[in-house]
file target_12.csv (CSV, C-alpha atoms)
chain,number,residue,atom,x,y,z
A,1,MET,CA,135.7,73.9,106.3
A,2,GLY,CA,138.0,76.9,105.8
A,3,ASN,CA,137.2,80.5,107.0
A,4,GLN,CA,135.4,81.8,104.0
A,5,THR,CA,132.2,83.9,104.5
A,6,PRO,CA,129.1,84.1,102.4
A,7,GLN,CA,129.6,86.4,99.4
A,8,PRO,CA,126.9,88.5,97.8
A,9,LYS,CA,126.5,88.6,94.0
A,10,ASP,CA,129.0,90.9,92.3
A,11,TRP,CA,126.4,93.2,90.9
A,12,ILE,CA,124.8,93.8,94.3
A,13,MET,CA,128.0,95.2,95.7
A,14,ASP,CA,128.2,97.5,92.7
A,15,ILE,CA,125.0,99.3,93.9
A,16,ALA,CA,125.2,102.6,95.6
A,17,ALA,CA,122.4,102.4,98.2
A,18,TYR,CA,119.5,104.9,98.0
A,19,VAL,CA,120.0,107.8,100.4
A,20,PRO,CA,116.8,109.4,101.6
A,21,GLY,CA,116.5,113.2,102.0
A,22,LYS,CA,117.6,114.3,105.5
A,23,ALA,CA,115.0,115.2,108.1
A,24,GLY,CA,117.5,116.8,110.5
A,25,SER,CA,121.0,118.3,110.7
A,26,ASP,CA,124.2,116.2,111.2
A,27,ASP,CA,124.1,117.0,114.9
A,28,GLY,CA,120.5,115.8,115.2
A,29,LYS,CA,118.8,119.2,115.2
A,30,LYS,CA,115.3,119.2,113.8
A,31,LEU,CA,115.0,121.2,110.6
A,32,ILE,CA,112.3,122.4,108.3
A,33,LYS,CA,112.3,119.6,105.7
A,34,LEU,CA,112.2,120.7,102.1
A,35,SER,CA,114.2,117.7,100.9
A,36,ALA,CA,111.6,114.9,100.1
A,37,ASN,CA,108.9,116.5,98.0
A,38,GLU,CA,106.2,115.8,100.6
A,39,ASN,CA,102.9,117.6,100.5
A,40,PRO,CA,103.1,120.6,102.8
A,41,LEU,CA,99.3,120.4,103.3
A,42,GLY,CA,99.5,116.9,104.8
A,43,CYS,CA,96.8,114.5,103.6
A,44,SER,CA,93.1,114.4,103.3
A,45,PRO,CA,91.3,114.4,106.7
A,46,ASP,CA,89.3,111.5,105.3
A,47,ALA,CA,92.5,109.5,104.8
A,48,THR,CA,93.5,110.1,108.4
A,49,ASP,CA,90.1,108.9,109.6
A,50,ALA,CA,90.4,105.8,107.5
A,51,MET,CA,93.8,105.0,109.0
A,52,LYS,CA,92.4,105.4,112.5
A,53,ALA,CA,89.5,103.1,111.7
A,54,ALA,CA,91.9,100.5,110.4
A,55,ALA,CA,93.5,100.2,113.9
A,56,ALA,CA,90.6,97.9,114.9
A,57,SER,CA,91.7,95.2,112.5
A,58,VAL,CA,95.5,95.1,112.9
A,59,ASP,CA,95.2,91.4,114.0
A,60,ARG,CA,94.1,90.4,110.5
A,61,TYR,CA,96.0,90.2,107.3
A,62,PRO,CA,95.1,92.9,104.7
A,63,ASP,CA,93.4,92.2,101.5
A,64,GLY,CA,96.2,90.6,99.6
A,65,GLY,CA,95.0,91.8,96.2
A,66,SER,CA,94.1,95.4,97.3
A,67,ASN,CA,90.8,94.6,95.5
A,68,ALA,CA,88.7,97.6,96.7
A,69,LEU,CA,91.6,100.0,96.0
A,70,ARG,CA,92.2,98.6,92.5
A,71,ALA,CA,88.5,98.9,91.7
A,72,ALA,CA,88.4,102.5,92.9
A,73,ILE,CA,91.5,103.4,90.8
A,74,GLY,CA,90.0,101.7,87.8
A,75,ALA,CA,86.8,103.7,88.2
A,76,LYS,CA,88.7,106.9,88.7
A,77,TYR,CA,90.8,106.6,85.6
A,78,ASP,CA,88.7,104.4,83.4
A,79,LEU,CA,91.0,101.4,83.7
A,80,ASP,CA,90.6,97.7,83.9
A,81,PRO,CA,91.1,96.8,87.6
A,82,THR,CA,92.5,93.4,86.7
A,83,ARG,CA,95.4,95.1,85.0
A,84,ILE,CA,96.3,97.2,88.0
A,85,ILE,CA,98.9,96.2,90.5
A,86,CYS,CA,99.5,97.8,93.9
A,87,GLY,CA,102.8,98.0,95.8
A,88,THR,CA,104.5,99.5,98.7
A,89,GLY,CA,105.0,102.8,97.0
A,90,SER,CA,105.6,103.1,93.2
A,91,ASP,CA,109.2,102.2,94.0
A,92,ASP,CA,108.0,98.7,94.7
A,93,VAL,CA,106.3,98.5,91.3
A,94,LEU,CA,109.4,99.8,89.6
A,95,GLN,CA,111.5,97.1,91.2
A,96,LEU,CA,108.9,94.4,90.4
A,97,VAL,CA,109.0,95.1,86.7
A,98,ALA,CA,112.8,94.9,86.6
A,99,ASN,CA,112.7,91.7,88.5
A,100,ALA,CA,110.1,90.2,86.1
A,101,PHE,CA,111.7,91.3,82.8
A,102,THR,CA,115.4,91.8,83.2
A,103,GLY,CA,118.5,89.8,84.2
A,104,PRO,CA,122.2,89.5,83.6
A,105,GLY,CA,123.1,90.7,80.2
A,106,ASP,CA,120.0,92.8,79.7
A,107,GLU,CA,120.2,96.6,79.2
A,108,VAL,CA,118.1,99.1,81.1
A,109,ILE,CA,117.9,102.6,79.8
A,110,TYR,CA,117.1,105.8,81.8
A,111,VAL,CA,117.9,109.4,81.3
A,112,ARG,CA,120.8,111.3,82.9
A,113,TYR,CA,119.5,113.0,86.0
A,114,GLY,CA,116.7,110.4,86.3
A,115,PHE,CA,115.3,109.0,89.5
A,116,ALA,CA,118.0,107.2,91.5
A,117,VAL,CA,115.9,104.0,91.9
A,118,TYR,CA,116.2,103.2,88.2
A,119,GLU,CA,120.0,102.4,88.5
A,120,ILE,CA,119.4,100.4,91.6
A,121,ALA,CA,116.6,98.4,90.0
A,122,ALA,CA,118.7,97.8,86.9
A,123,LYS,CA,121.7,96.5,88.8
A,124,ARG,CA,119.7,94.6,91.5
A,125,TYR,CA,118.8,91.8,89.0
A,126,GLY,CA,122.1,91.8,87.2
A,127,GLY,CA,121.1,94.1,84.3
A,128,THR,CA,123.3,96.7,82.7
A,129,PRO,CA,122.4,100.4,83.3
A,130,VAL,CA,122.5,102.5,80.1
A,131,VAL,CA,122.4,106.3,80.6
A,132,ALA,CA,121.0,108.5,77.8
A,133,ASP,CA,122.2,112.1,77.7
A,134,ASP,CA,119.9,114.9,78.8
A,135,ARG,CA,118.9,118.0,76.9
A,136,ASP,CA,119.4,120.9,79.3
A,137,TYR,CA,118.5,118.8,82.2
A,138,GLY,CA,115.4,117.4,80.5
A,139,THR,CA,114.6,114.1,78.7
A,140,ASP,CA,116.1,113.8,75.2
A,141,ILE,CA,113.9,111.3,73.3
A,142,ASP,CA,116.4,111.0,70.4
A,143,ALA,CA,119.2,110.3,72.9
A,144,ILE,CA,117.1,107.5,74.4
A,145,LEU,CA,116.4,105.9,71.0
A,146,ALA,CA,120.1,106.1,70.1
A,147,LYS,CA,120.9,103.9,73.1
A,148,VAL,CA,118.4,101.1,72.1
A,149,THR,CA,120.1,97.8,71.1
A,150,ASP,CA,119.1,94.2,70.7
A,151,LYS,CA,120.0,93.8,74.4
A,152,THR,CA,117.6,96.5,75.6
A,153,LYS,CA,114.7,95.1,77.7
A,154,LEU,CA,113.5,98.1,79.7
A,155,ILE,CA,113.3,101.9,79.6
A,156,TYR,CA,112.5,104.0,82.6
A,157,LEU,CA,111.2,107.5,82.1
A,158,ALA,CA,109.8,109.7,84.9
A,159,ASN,CA,107.4,112.3,83.5
A,160,PRO,CA,107.6,114.8,85.0
A,161,ASN,CA,111.1,114.0,85.9
A,162,ASN,CA,112.6,113.8,89.3
A,163,PRO,CA,115.0,115.5,90.3
A,164,THR,CA,114.8,118.0,87.5
A,165,GLY,CA,111.1,118.8,87.3
A,166,THR,CA,111.1,118.8,83.5
A,167,LEU,CA,108.2,117.4,81.3
A,168,SER,CA,108.1,115.5,78.0
A,169,ARG,CA,105.0,116.4,76.1
A,170,ALA,CA,102.5,113.8,74.8
A,171,ASP,CA,103.7,113.9,71.3
A,172,GLU,CA,107.3,113.2,72.5
A,173,ILE,CA,106.1,110.2,74.6
A,174,LYS,CA,104.2,108.9,71.6
A,175,ARG,CA,107.2,109.3,69.3
A,176,LEU,CA,109.3,107.4,71.7
A,177,TYR,CA,106.8,104.6,71.9
A,178,ASP,CA,106.3,104.4,68.2
A,179,ALA,CA,110.0,104.0,67.6
A,180,LEU,CA,110.6,101.2,70.1
A,181,PRO,CA,110.8,97.5,69.3
A,182,SER,CA,107.7,95.7,70.6
A,183,ASN,CA,109.8,93.6,73.0
A,184,VAL,CA,111.2,96.6,74.8
A,185,LEU,CA,109.1,97.5,77.9
A,186,LEU,CA,108.6,101.3,78.4
A,187,VAL,CA,107.9,102.3,82.0
A,188,LEU,CA,106.4,105.7,82.4
A,189,ASP,CA,106.8,106.8,86.0
A,190,GLY,CA,104.0,109.4,86.8
A,191,ALA,CA,104.8,110.0,90.5
A,192,TYR,CA,104.2,113.7,90.0
A,193,ALA,CA,101.5,113.5,87.3
A,194,GLU,CA,98.8,114.9,89.5
A,195,TYR,CA,100.6,118.2,89.7
A,196,LEU,CA,100.2,118.7,85.9
A,197,GLU,CA,97.6,121.0,84.4
A,198,SER,CA,94.9,119.5,82.2
A,199,ASP,CA,96.7,120.6,79.0
A,200,GLU,CA,100.0,119.0,80.1
A,201,ASP,CA,98.7,115.4,80.1
A,202,ASP,CA,101.4,113.3,78.6
A,203,GLY,CA,99.0,110.6,77.3
A,204,ALA,CA,100.7,107.8,79.3
A,205,LEU,CA,97.4,106.4,80.8
A,206,GLU,CA,95.7,106.3,77.4
A,207,LEU,CA,98.8,104.7,75.8
A,208,ALA,CA,98.9,102.0,78.5
A,209,LYS,CA,95.3,101.0,77.8
A,210,THR,CA,96.2,99.6,74.4
A,211,ALA,CA,99.9,99.1,74.3
A,212,SER,CA,101.3,95.7,75.0
A,213,ASN,CA,104.7,97.0,76.2
A,214,VAL,CA,103.9,100.0,78.4
A,215,LEU,CA,103.7,100.2,82.2
A,216,ILE,CA,102.6,103.3,83.9
A,217,THR,CA,103.2,103.9,87.6
A,218,ARG,CA,101.6,106.3,90.1
A,219,THR,CA,102.0,107.0,93.8
A,220,PHE,CA,99.9,108.1,96.8
A,221,SER,CA,103.1,109.6,98.4
A,222,LYS,CA,103.1,113.0,96.7
A,223,ILE,CA,100.0,115.0,96.0
A,224,HIS,CA,97.9,112.7,98.2
A,225,GLY,CA,100.3,113.1,101.1
A,226,LEU,CA,100.4,109.4,102.2
A,227,ALA,CA,104.2,109.1,102.1
A,228,ALA,CA,104.5,107.2,105.4
A,229,GLU,CA,102.0,104.5,104.3
A,230,ARG,CA,104.0,103.6,101.1
A,231,ILE,CA,101.3,103.0,98.5
A,232,GLY,CA,101.7,103.0,94.7
A,233,TRP,CA,100.2,101.3,91.7
A,234,GLY,CA,100.9,100.4,88.1
A,235,TYR,CA,98.9,99.7,85.0
A,236,ALA,CA,99.9,97.6,82.0
A,237,SER,CA,98.7,94.8,79.8
A,238,ALA,CA,97.3,91.7,81.4
A,239,ASP,CA,100.5,89.7,80.6
A,240,ILE,CA,102.8,92.2,82.2
A,241,ILE,CA,100.7,92.5,85.3
A,242,ASP,CA,100.4,88.7,85.6
A,243,ALA,CA,104.2,88.3,85.5
A,244,MET,CA,104.7,91.0,88.2
A,245,ASN,CA,102.0,89.5,90.4
A,246,ARG,CA,103.8,86.2,90.4
A,247,ILE,CA,106.7,87.7,92.4
A,248,ARG,CA,104.8,90.4,94.3
A,249,GLN,CA,105.0,90.0,98.0
A,250,PRO,CA,101.7,88.8,99.5
A,251,PHE,CA,99.8,91.3,101.6
A,252,ASN,CA,102.2,94.0,100.4
A,253,VAL,CA,99.8,97.0,101.1
A,254,THR,CA,98.6,97.4,104.7
A,255,THR,CA,94.9,97.6,105.7
A,256,ALA,CA,95.5,101.2,106.9
A,257,GLY,CA,97.3,102.1,103.6
A,258,GLN,CA,94.5,100.7,101.5
A,259,GLY,CA,91.8,102.5,103.5
A,260,ALA,CA,93.8,105.8,103.4
A,261,ALA,CA,94.4,105.5,99.7
A,262,LEU,CA,90.7,104.8,99.0
A,263,ALA,CA,89.7,107.9,101.0
A,264,ALA,CA,92.4,110.0,99.4
A,265,LEU,CA,91.4,109.0,95.9
A,266,ALA,CA,87.8,110.2,96.6
A,267,ASP,CA,88.8,113.6,98.0
A,268,ASP,CA,89.1,115.7,94.8
A,269,GLU,CA,88.9,118.9,96.8
A,270,PHE,CA,92.1,118.1,98.7
A,271,VAL,CA,93.9,117.3,95.5
A,272,LYS,CA,92.7,120.5,93.9
A,273,ASN,CA,93.8,122.6,96.9
A,274,SER,CA,97.2,120.9,96.9
A,275,ARG,CA,97.7,121.5,93.2
A,276,ASP,CA,96.5,125.2,93.5
A,277,HIS,CA,98.8,125.8,96.5
A,278,ASN,CA,101.7,124.2,94.7
A,279,ARG,CA,101.2,126.2,91.5
A,280,GLU,CA,101.0,129.5,93.4
A,281,TRP,CA,104.1,129.0,95.5
A,282,ARG,CA,106.1,127.3,92.9
A,283,ASP,CA,105.6,130.3,90.6
A,284,TRP,CA,106.4,132.6,93.5
A,285,MET,CA,109.6,130.7,94.5
A,286,THR,CA,110.6,130.6,90.8
A,287,GLY,CA,110.3,134.3,90.5
A,288,GLU,CA,112.1,135.0,93.7
A,289,ILE,CA,115.1,132.8,92.8
A,290,GLU,CA,115.2,134.1,89.2
A,291,ALA,CA,115.6,137.6,90.7
A,292,LEU,CA,118.9,136.3,92.3
A,293,GLY,CA,120.3,135.4,88.9
A,294,ASN,CA,123.1,138.0,89.4
A,295,HIS,CA,124.4,135.6,92.1
A,296,GLY,CA,124.7,132.8,89.5
A,297,LEU,CA,121.4,131.1,90.4
A,298,ARG,CA,119.3,129.4,87.7
A,299,VAL,CA,115.9,127.6,88.1
A,300,ILE,CA,115.0,124.7,85.8
A,301,PRO,CA,111.3,125.2,84.8
A,302,SER,CA,109.4,122.8,86.9
A,303,HIS,CA,106.1,120.8,86.5
A,304,THR,CA,106.3,119.2,89.9
A,305,ASN,CA,106.2,120.2,93.6
A,306,PHE,CA,109.9,121.1,93.7
A,307,LEU,CA,112.5,123.2,92.0
A,308,LEU,CA,115.9,122.3,90.8
A,309,VAL,CA,118.2,125.3,91.4
A,310,LEU,CA,121.7,125.5,89.9
A,311,PHE,CA,124.4,127.4,91.6
A,312,ASP,CA,127.0,128.7,89.1
A,313,GLY,CA,128.2,131.8,91.0
A,314,ASN,CA,130.5,132.4,93.9
A,315,LEU,CA,128.4,130.2,96.2
A,316,SER,CA,128.5,126.5,95.5
A,317,ALA,CA,125.5,124.2,95.9
A,318,GLU,CA,127.4,122.3,98.6
A,319,ALA,CA,128.2,125.4,100.6
A,320,ALA,CA,124.6,126.6,100.2
A,321,ASN,CA,123.3,123.3,101.4
A,322,SER,CA,125.4,123.5,104.6
A,323,ALA,CA,124.5,127.1,105.2
A,324,LEU,CA,120.8,126.4,104.8
A,325,MET,CA,121.1,123.7,107.4
A,326,GLU,CA,122.7,126.1,109.8
A,327,LYS,CA,119.7,128.4,109.3
A,328,GLY,CA,117.2,125.5,109.9
A,329,TYR,CA,116.3,124.3,106.4
A,330,VAL,CA,117.2,121.0,104.8
A,331,VAL,CA,117.0,120.6,101.0
A,332,ARG,CA,118.4,117.9,98.6
A,333,TRP,CA,121.9,118.1,97.3
A,334,LEU,CA,122.4,115.3,94.8
A,335,PRO,CA,126.1,114.9,93.9
A,336,GLY,CA,125.5,111.1,93.6
A,337,GLN,CA,123.3,111.8,90.6
A,338,GLY,CA,125.8,114.2,89.0
A,339,LEU,CA,124.1,117.3,90.2
A,340,VAL,CA,127.0,118.7,92.2
A,341,ASN,CA,126.0,122.3,91.3
A,342,GLY,CA,122.3,121.8,92.1
A,343,LEU,CA,119.8,121.8,95.0
A,344,ARG,CA,116.3,120.3,94.8
A,345,ILE,CA,114.0,122.3,96.9
A,346,THR,CA,110.4,121.2,97.8
A,347,ILE,CA,107.6,123.7,97.7
A,348,GLY,CA,106.5,124.2,101.3
A,349,THR,CA,103.9,126.1,103.3
A,350,GLU,CA,103.6,129.9,102.8
A,351,GLU,CA,105.6,130.4,106.0
A,352,GLU,CA,108.3,127.9,105.0
A,353,ASN,CA,108.7,129.3,101.6
A,354,HIS,CA,109.1,132.9,102.9
A,355,GLY,CA,111.5,131.7,105.5
A,356,PHE,CA,113.6,129.7,103.0
A,357,MET,CA,113.9,132.7,100.7
A,358,ASP,CA,115.0,135.0,103.5
A,359,ALA,CA,117.6,132.4,104.5
A,360,LEU,CA,118.9,132.0,101.0
A,361,ARG,CA,119.2,135.7,100.4
A,362,GLY,CA,121.2,136.2,103.6
A,363,ILE,CA,123.5,133.3,102.6
A,364,LEU,CA,124.1,134.8,99.1
A,365,GLU,CA,124.8,138.3,100.5
A,366,ALA,CA,127.3,136.9,103.0
A,367,ALA,CA,129.0,135.0,100.2
A,368,ASP,CA,129.6,138.0,98.0
call {"tool": "encode", "arguments": {"input": "target_12.csv", "output": "structure tokens"}}
result
Amino acid sequence: MGNQTPQPKDWIMDIAAYVPGKAGSDDGKKLIKLSANENPLGCSPDATDAMKAAAASVDRYPDGGSNALRAAIGAKYDLDPTRIICGTGSDDVLQLVANAFTGPGDEVIYVRYGFAVYEIAAKRYGGTPVVADDRDYGTDIDAILAKVTDKTKLIYLANPNNPTGTLSRADEIKRLYDALPSNVLLVLDGAYAEYLESDEDDGALELAKTASNVLITRTFSKIHGLAAERIGWGYASADIIDAMNRIRQPFNVTTAGQGAALAALADDEFVKNSRDHNREWRDWMTGEIEALGNHGLRVIPSHTNFLLVLFDGNLSAEAANSALMEKGYVVRWLPGQGLVNGLRITIGTEEENHGFMDALRGILEAAD
């Protein structure tokens, strides 16, 4: 029989596991969390009520097809509900598409400083990750196109991008789509799309309505504030959705999650208030940090609910991260994504934003 133990697939052991943003310090002290891009206003009260109501039916399986939720999403965005798939967060949808359409020998393209899940999804099914160079921390469409080969099966593009906050405009997205072979699947990840202004629409939803090789994804975790419930969705051609549904876990979205998402989707006022709050305090934070440029700080212009701040002066991002924890604030340092000199900072409440800036100023003064 020997003494060998079961061995995982080689490519699985090559994956660096996703590391969530911290909620506390290394010694367990609770911190003000500005590391996970959560909505500082919480979620719609209607969504909270819906989750409480769902407690009466925890003994029954949820609607396996999320039918009411898909119908509501379709009505909201003028989409065919039969071409919508729901998942446990948009991460689930991103993984499903890689599972359905890639395997060993296939290439998966994403941009440098792209969402960490893309590399994991590519490697999880034996695919080969291919990284396209950025353009000043933003997406470079020409760099993506230059990486396309006859082995390319999938392209992930977050728009706006996480963790940089940058945006590719509608004409750039269309240019990318027009230049791709029809057998390459373009995945447009819109986790932060609801934070965009009306004139910033990247055209992804409209493109997915007619394109046979485009999948868009959205989430209820960000502007809707339902991060704990893990609800996301995707939209693509009937053939793409059919393939993904064949491997989707049954009953993958809870009854509470479906009810909360339905209520959140209907609460336009909460979404507007969240967008307004984010715009006001993102602009304020940007101005405050730009005023610290003499300390070597630079803010990447953001279209999301966070800022990527580069530390190129006397104070390193790593040191700033540790010092902020000491002062009670946790942000996101991302050396694993090549951002050794950057911190991603979520826009918080008014009090949290003022407190964070006071803490950062004090740290910078002490470092000089």
call {"tool": "atom_distance", "arguments": {"input": "target_12.csv", "atom1": "CA of Leu292 (chain A)", "atom2": "CA of Pro335 (chain A)"}}
result
22.6 Å
call {"tool": "closest_residue", "arguments": {"input": "target_12.csv", "among": "A:Gly232, A:Gly342, A:Gly293, A:Gly257", "to": "Gln95 (chain A)", "atoms": "all atoms listed in the file"}}
result
A:Gly232
call {"tool": "closest_residue", "arguments": {"input": "target_12.csv", "among": "A:Leu310, A:Ala256, A:Ile289, A:Ala238", "to": "Arg60 (chain A)", "atoms": "all atoms listed in the file"}}
result
A:Ala256
call {"tool": "residues_around", "arguments": {"input": "target_12.csv", "residues": "region 49-55 of chain A", "least_positions_apart": "3", "cutoff": "9 Å", "atoms": "all atoms listed in the file", "output": "VMD selection string"}}
result
chain A and resid 44 to 46 58 to 59 255 to 263
call {"tool": "residues_around", "arguments": {"input": "target_12.csv", "residues": "Leu364 (chain A)", "least_positions_apart": "4", "cutoff": "10 Å", "atoms": "only C-alpha atoms", "output": "mmCIF file with C-alpha atoms, in the coordinates of the input"}}
result
data_model
loop_
_atom_site.group_PDB
_atom_site.id
_atom_site.type_symbol
_atom_site.label_atom_id
_atom_site.label_comp_id
_atom_site.auth_asym_id
_atom_site.auth_seq_id
_atom_site.Cartn_x
_atom_site.Cartn_y
_atom_site.Cartn_z
ATOM 1 C CA LEU A 292 118.900 136.300 92.300
ATOM 2 C CA HIS A 295 124.400 135.600 92.100
ATOM 3 C CA GLY A 296 124.700 132.800 89.500
ATOM 4 C CA LEU A 297 121.400 131.100 90.400
ATOM 5 C CA GLY A 313 128.200 131.800 91.000
ATOM 6 C CA ASN A 314 130.500 132.400 93.900
ATOM 7 C CA LEU A 315 128.400 130.200 96.200
ATOM 8 C CA ALA A 320 124.600 126.600 100.200
ATOM 9 C CA ALA A 323 124.500 127.100 105.200
ATOM 10 C CA ALA A 359 117.600 132.400 104.500
ATOM 11 C CA LEU A 360 118.900 132.000 101.000
ATOM 12 C CA ASP A 368 129.600 138.000 98.000
#
call {"tool": "residues_around", "arguments": {"input": "target_12.csv", "residues": "region 278-284 of chain A", "least_positions_apart": "2", "cutoff": "9 Å", "atoms": "all atoms listed in the file", "output": "ChimeraX atom specification"}}
result
/A:39-40,195,273-276,286-289,302-307,346-350,353
call {"tool": "closest_residue", "arguments": {"input": "target_12.csv", "among": "A:Leu145, A:Val184, A:Leu205, A:Val93", "to": "Arg230 (chain A)", "atoms": "all atoms listed in the file"}}
result
A:Val93
call {"tool": "residues_around", "arguments": {"input": "target_12.csv", "residues": "Val111 (chain A)", "least_positions_apart": "5", "cutoff": "9 Å", "atoms": "all atoms listed in the file", "output": "NGL selection string"}}
result
:A and (130-134 or 138-140 or 143-144 or 155-158)
call {"tool": "closest_residue", "arguments": {"input": "target_12.csv", "among": "A:Pro301, A:Lys33, A:Leu265, A:Phe270", "to": "Thr166 (chain A)", "atoms": "only C-alpha atoms"}}
result
A:Pro301
call {"tool": "atom_distance", "arguments": {"input": "target_12.csv", "atom1": "CA of Gly114 (chain A)", "atom2": "CA of Leu96 (chain A)"}}
result
18.3 Å
call {"tool": "closest_residue", "arguments": {"input": "target_12.csv", "among": "A:Val299, A:Leu196, A:Leu207, A:Ala228", "to": "Ala36 (chain A)", "atoms": "all atoms listed in the file"}}
result
A:Ala228
call {"tool": "closest_residue", "arguments": {"input": "target_12.csv", "among": "A:Ala366, A:Ala71, A:Leu154, A:Leu34", "to": "Met325 (chain A)", "atoms": "only C-alpha atoms"}}
result
A:Leu34
call {"tool": "decode", "arguments": {"input": "target_12.csv", "residues": "region 39-54 of chain A", "atoms": "N, CA, C and O atoms", "output": "PDB file, in the first residue's frame"}}
result
ATOM      1  N   ASN A  39     -20.200  49.505   2.130  1.00  0.00           N
ATOM      2  CA  ASN A  39     -20.983  50.742   2.132  1.00  0.00           C
ATOM      3  C   ASN A  39     -21.056  51.279   3.568  1.00  0.00           C
ATOM      4  O   ASN A  39     -21.613  50.617   4.445  1.00  0.00           O
ATOM      5  N   PRO A  40     -20.526  52.478   3.830  1.00  0.00           N
ATOM      6  CA  PRO A  40     -20.544  53.006   5.201  1.00  0.00           C
ATOM      7  C   PRO A  40     -21.947  53.343   5.694  1.00  0.00           C
ATOM      8  O   PRO A  40     -22.144  53.510   6.901  1.00  0.00           O
ATOM      9  N   LEU A  41     -22.917  53.425   4.783  1.00  0.00           N
ATOM     10  CA  LEU A  41     -24.296  53.710   5.177  1.00  0.00           C
ATOM     11  C   LEU A  41     -25.076  52.433   5.477  1.00  0.00           C
ATOM     12  O   LEU A  41     -26.269  52.493   5.792  1.00  0.00           O
ATOM     13  N   GLY A  42     -24.422  51.284   5.368  1.00  0.00           N
ATOM     14  CA  GLY A  42     -25.102  50.020   5.629  1.00  0.00           C
ATOM     15  C   GLY A  42     -25.882  49.557   4.421  1.00  0.00           C
ATOM     16  O   GLY A  42     -25.383  49.588   3.297  1.00  0.00           O
ATOM     17  N   CYS A  43     -27.131  49.125   4.636  1.00  0.00           N
ATOM     18  CA  CYS A  43     -27.984  48.686   3.534  1.00  0.00           C
ATOM     19  C   CYS A  43     -29.369  49.297   3.700  1.00  0.00           C
ATOM     20  O   CYS A  43     -29.676  49.914   4.733  1.00  0.00           O
ATOM     21  N   SER A  44     -30.203  49.128   2.713  1.00  0.00           N
ATOM     22  CA  SER A  44     -31.569  49.627   2.764  1.00  0.00           C
ATOM     23  C   SER A  44     -32.306  49.019   3.960  1.00  0.00           C
ATOM     24  O   SER A  44     -32.235  47.803   4.186  1.00  0.00           O
ATOM     25  N   PRO A  45     -33.038  49.815   4.736  1.00  0.00           N
ATOM     26  CA  PRO A  45     -33.853  49.252   5.821  1.00  0.00           C
ATOM     27  C   PRO A  45     -34.845  48.207   5.314  1.00  0.00           C
ATOM     28  O   PRO A  45     -35.162  47.254   6.030  1.00  0.00           O
ATOM     29  N   ASP A  46     -35.297  48.380   4.082  1.00  0.00           N
ATOM     30  CA  ASP A  46     -36.215  47.396   3.502  1.00  0.00           C
ATOM     31  C   ASP A  46     -35.521  46.044   3.328  1.00  0.00           C
ATOM     32  O   ASP A  46     -36.147  44.987   3.493  1.00  0.00           O
ATOM     33  N   ALA A  47     -34.239  46.081   3.009  1.00  0.00           N
ATOM     34  CA  ALA A  47     -33.484  44.834   2.857  1.00  0.00           C
ATOM     35  C   ALA A  47     -33.328  44.142   4.211  1.00  0.00           C
ATOM     36  O   ALA A  47     -33.435  42.916   4.315  1.00  0.00           O
ATOM     37  N   THR A  48     -33.088  44.929   5.242  1.00  0.00           N
ATOM     38  CA  THR A  48     -32.991  44.358   6.595  1.00  0.00           C
ATOM     39  C   THR A  48     -34.302  43.706   6.998  1.00  0.00           C
ATOM     40  O   THR A  48     -34.323  42.594   7.547  1.00  0.00           O
ATOM     41  N   ASP A  49     -35.416  44.368   6.711  1.00  0.00           N
ATOM     42  CA  ASP A  49     -36.737  43.809   7.038  1.00  0.00           C
ATOM     43  C   ASP A  49     -36.979  42.510   6.274  1.00  0.00           C
ATOM     44  O   ASP A  49     -37.539  41.549   6.822  1.00  0.00           O
ATOM     45  N   ALA A  50     -36.551  42.475   5.017  1.00  0.00           N
ATOM     46  CA  ALA A  50     -36.742  41.266   4.204  1.00  0.00           C
ATOM     47  C   ALA A  50     -35.953  40.092   4.754  1.00  0.00           C
ATOM     48  O   ALA A  50     -36.433  38.950   4.752  1.00  0.00           O
ATOM     49  N   MET A  51     -34.753  40.359   5.249  1.00  0.00           N
ATOM     50  CA  MET A  51     -33.952  39.280   5.827  1.00  0.00           C
ATOM     51  C   MET A  51     -34.585  38.757   7.109  1.00  0.00           C
ATOM     52  O   MET A  51     -34.579  37.550   7.380  1.00  0.00           O
ATOM     53  N   LYS A  52     -35.143  39.661   7.903  1.00  0.00           N
ATOM     54  CA  LYS A  52     -35.815  39.229   9.128  1.00  0.00           C
ATOM     55  C   LYS A  52     -37.038  38.375   8.792  1.00  0.00           C
ATOM     56  O   LYS A  52     -37.288  37.356   9.442  1.00  0.00           O
ATOM     57  N   ALA A  53     -37.763  38.763   7.770  1.00  0.00           N
ATOM     58  CA  ALA A  53     -38.952  38.000   7.374  1.00  0.00           C
ATOM     59  C   ALA A  53     -38.578  36.609   6.883  1.00  0.00           C
ATOM     60  O   ALA A  53     -39.330  35.646   7.070  1.00  0.00           O
ATOM     61  N   ALA A  54     -37.402  36.487   6.278  1.00  0.00           N
ATOM     62  CA  ALA A  54     -36.967  35.197   5.738  1.00  0.00           C
ATOM     63  C   ALA A  54     -36.676  34.183   6.832  1.00  0.00           C
ATOM     64  O   ALA A  54     -36.635  32.974   6.573  1.00  0.00           O
TER      65      ALA A  54
END
